[in-house]
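Participant: Structure below; questions to follow.
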Amino acid sequence: MISSTGARVVRYLVLVGLAALFLLPLYLLVRGATGTSAEVATGAWLPRVPAWDSFREIFSDESRPLARALANSAIIAVLQTVGVVAISLPAGYAFARIRVRYGDAVFGVVLATLLVPAAITFVPTFLMVSSLGWVSSLRGLVVPGLFQATAVFLFRQHFLGFPRELEEAALLDGAGPARTFARVALPGAGPVTAAVATITFVGSWNAFLWPLVIGQDPQSWTVQLVLSSYITAQTVNVPAMFAAAAVSIAPLLVFFLVAQRWIAAGVERTGISG
């Protein structure tokens with residue numbers, strides 16, 4: 001039998017191996033951004049002389065406004081995240097707590113929207129946004145993504161498991177439904193709110209197809225559109241593309257590192273962690 005010390009060593013070795021596996025993409029990203037195209041193509045482990053010129057190049061290229069794209073992506077992701085949480089949180093609470101006629105049927109319709117392929121709603125959504133004059137605008141990029149059936153489902157799952165006794169005690173103390181929601185239910189939804197906010201933020205930041213269609217003006221490009229511009233039919237600027245990719249994922253890494261504890265707790269409380 002393996003001793004406790006041996007088992008601990010094996011466990012640490014496995015964890016180190018898994019950590020190295022997950023860090024491999026980051027290593028490849030930094031290597032590609034600091035090396036030459038030839039070194040990337042030949043698979044060199046490290047560049048002979050790390051070159052940081054690619055990072056200066058991507059911000060000085062006027063045909064690819066990366067700084068503006070980063071700002072656009074941040075604004076869109078923040079607005080969409082706030083909007084999704086503001087709409088989905090009370091909707092999930094209502095589906096979990098308020099018993100009305102046909103309430104379950106309405107929730108079934110909400111879930112049914114998850115079964116509709118995005119390709120089916122893409123053209124009608126574009127025609128609606130175009131008719132409103134929202135092409136190449138923040139409204140056109142943000143508003144269509146404010147309804148997220150997945151977020152409503154996650155909040156409903158959370159509130160179904162939230163102790164009713166706490167809300168009943170608040171009602172007995174004279175608090176109305178709105179005050180009970182704001183003072184009791186809302187503070188207890190912190191972990192699941194962090195999970196939903198993270199999912200929404202990352203999804204909005206990484207969105208490509210909808211910004212590609214709506215963002216027809218380069219000044220309304222998001223960071224994903226700028227990244228795609230480094231790959232053309234004639235050339236591929238490998239170092240600049242890797243450098244831009246490294247810059248684009250930095251906000252996501254910071255966001256995840258700050259919120260990872262609440263994300264894990266939120267996913268666990270929704271009851272779908274397994």
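Residues in the structure tokens are named by chain (A, B, ... in the order shown) and by number from 1 within that chain; ligands are numbered from 1 in the order shown.
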Going by DSSP on the backbone, which residues of region 136-236 of chain A come out as helix (DSSP H, G or I)? List them as a ChimeraX atom specification.
Facilitator: /A:138-145,149-160,164-172,177-185,187-206,209-214,218-220,223-228
Participant: Kindly save the residues from that selection, with C-alpha atoms included, as an mmCIF file, in the first residue's frame.
Facilitator:
```
data_model
loop_
_atom_site.group_PDB
_atom_site.id
_atom_site.type_symbol
_atom_site.label_atom_id
_atom_site.label_comp_id
_atom_site.auth_asym_id
_atom_site.auth_seq_id
_atom_site.Cartn_x
_atom_site.Cartn_y
_atom_site.Cartn_z
ATOM 1 C CA LEU A 138 -23.606 50.256 -29.006
ATOM 2 C CA ARG A 139 -27.364 49.717 -28.872
ATOM 3 C CA GLY A 140 -27.214 47.289 -31.772
ATOM 4 C CA LEU A 141 -24.383 45.372 -30.157
ATOM 5 C CA VAL A 142 -25.781 45.292 -26.606
ATOM 6 C CA VAL A 143 -29.585 45.192 -26.639
ATOM 7 C CA PRO A 144 -30.166 41.948 -28.632
ATOM 8 C CA GLY A 145 -28.117 40.003 -26.080
ATOM 9 C CA ALA A 149 -32.706 32.099 -20.917
ATOM 10 C CA THR A 150 -29.754 30.306 -19.319
ATOM 11 C CA ALA A 151 -29.323 33.127 -16.804
ATOM 12 C CA VAL A 152 -33.030 33.038 -15.910
ATOM 13 C CA PHE A 153 -32.791 29.273 -15.390
ATOM 14 C CA LEU A 154 -29.725 29.568 -13.133
ATOM 15 C CA PHE A 155 -31.354 32.224 -10.945
ATOM 16 C CA ARG A 156 -34.549 30.187 -10.705
ATOM 17 C CA GLN A 157 -32.586 27.122 -9.637
ATOM 18 C CA HIS A 158 -30.836 29.154 -6.966
ATOM 19 C CA PHE A 159 -34.026 30.613 -5.504
ATOM 20 C CA LEU A 160 -35.752 27.221 -5.509
ATOM 21 C CA ARG A 164 -38.260 30.262 2.358
ATOM 22 C CA GLU A 165 -38.156 30.681 6.134
ATOM 23 C CA LEU A 166 -35.910 33.750 5.809
ATOM 24 C CA GLU A 167 -38.378 35.453 3.492
ATOM 25 C CA GLU A 168 -41.350 34.459 5.643
ATOM 26 C CA ALA A 169 -39.629 35.938 8.703
ATOM 27 C CA ALA A 170 -39.106 39.204 6.858
ATOM 28 C CA LEU A 171 -42.764 39.275 5.810
ATOM 29 C CA LEU A 172 -43.860 38.687 9.403
ATOM 30 C CA PRO A 177 -42.486 41.601 -1.159
ATOM 31 C CA ALA A 178 -40.207 44.156 -2.808
ATOM 32 C CA ARG A 179 -38.314 44.885 0.416
ATOM 33 C CA THR A 180 -38.026 41.168 1.185
ATOM 34 C CA PHE A 181 -36.535 40.589 -2.227
ATOM 35 C CA ALA A 182 -34.086 43.488 -1.866
ATOM 36 C CA ARG A 183 -33.050 42.847 1.753
ATOM 37 C CA VAL A 184 -33.178 39.032 1.981
ATOM 38 C CA ALA A 185 -33.198 37.258 -1.378
ATOM 39 C CA PRO A 187 -27.918 39.469 -0.821
ATOM 40 C CA GLY A 188 -28.114 35.673 -0.786
ATOM 41 C CA ALA A 189 -27.796 35.530 -4.572
ATOM 42 C CA GLY A 190 -24.229 36.853 -4.634
ATOM 43 C CA PRO A 191 -22.453 33.645 -5.720
ATOM 44 C CA VAL A 192 -24.875 32.759 -8.502
ATOM 45 C CA THR A 193 -24.866 36.394 -9.644
ATOM 46 C CA ALA A 194 -21.077 36.221 -9.935
ATOM 47 C CA ALA A 195 -21.359 33.009 -11.953
ATOM 48 C CA VAL A 196 -23.949 34.467 -14.334
ATOM 49 C CA ALA A 197 -22.008 37.715 -14.647
ATOM 50 C CA THR A 198 -18.834 35.824 -15.529
ATOM 51 C CA ILE A 199 -20.536 33.642 -18.127
ATOM 52 C CA THR A 200 -22.169 36.695 -19.693
ATOM 53 C CA PHE A 201 -19.028 38.819 -19.609
ATOM 54 C CA VAL A 202 -16.857 36.139 -21.220
ATOM 55 C CA GLY A 203 -19.500 35.340 -23.838
ATOM 56 C CA SER A 204 -19.914 39.004 -24.737
ATOM 57 C CA TRP A 205 -16.150 39.604 -24.861
ATOM 58 C CA ASN A 206 -15.598 36.612 -27.156
ATOM 59 C CA LEU A 209 -20.385 36.855 -35.600
ATOM 60 C CA TRP A 210 -22.881 39.440 -34.341
ATOM 61 C CA PRO A 211 -20.281 42.235 -33.939
ATOM 62 C CA LEU A 212 -18.955 41.323 -37.393
ATOM 63 C CA VAL A 213 -22.363 41.992 -38.966
ATOM 64 C CA ILE A 214 -23.387 44.984 -36.859
ATOM 65 C CA PRO A 218 -14.047 50.209 -37.838
ATOM 66 C CA GLN A 219 -14.628 52.578 -34.915
ATOM 67 C CA SER A 220 -17.293 50.174 -33.626
ATOM 68 C CA VAL A 223 -11.368 43.128 -30.071
ATOM 69 C CA GLN A 224 -12.375 39.879 -31.787
ATOM 70 C CA LEU A 225 -12.826 41.678 -35.107
ATOM 71 C CA VAL A 226 -9.408 43.272 -34.804
ATOM 72 C CA LEU A 227 -7.877 39.853 -34.084
ATOM 73 C CA SER A 228 -9.479 38.389 -37.190
#
```
Participant: Counting only C-alpha atoms, which residues of region 16-94 of chain A fall within 12 Å of region 103-112 of chain A, and what is the closest atom pair for each with its distance in Å at one decimal, ordered by chain and rising number, as CSV?
Facilitator:
```
residue,atom,partner,partner_atom,distance
A:Ser88,CA,A:Val110,CA,11.3
A:Ala91,CA,A:Phe107,CA,9.7
A:Gly92,CA,A:Phe107,CA,9.4
A:Tyr93,CA,A:Phe107,CA,11.8
A:Ala94,CA,A:Gly103,CA,9.2
```
Participant: Tell me, in Å to one decimal, how far CA of Tyr27 (chain A) is from CA of Arg8 (chain A).
Facilitator: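 One can read the CA of Tyr27 (chain A) to CA of Arg8 (chain A) distance as 27.3 Å.
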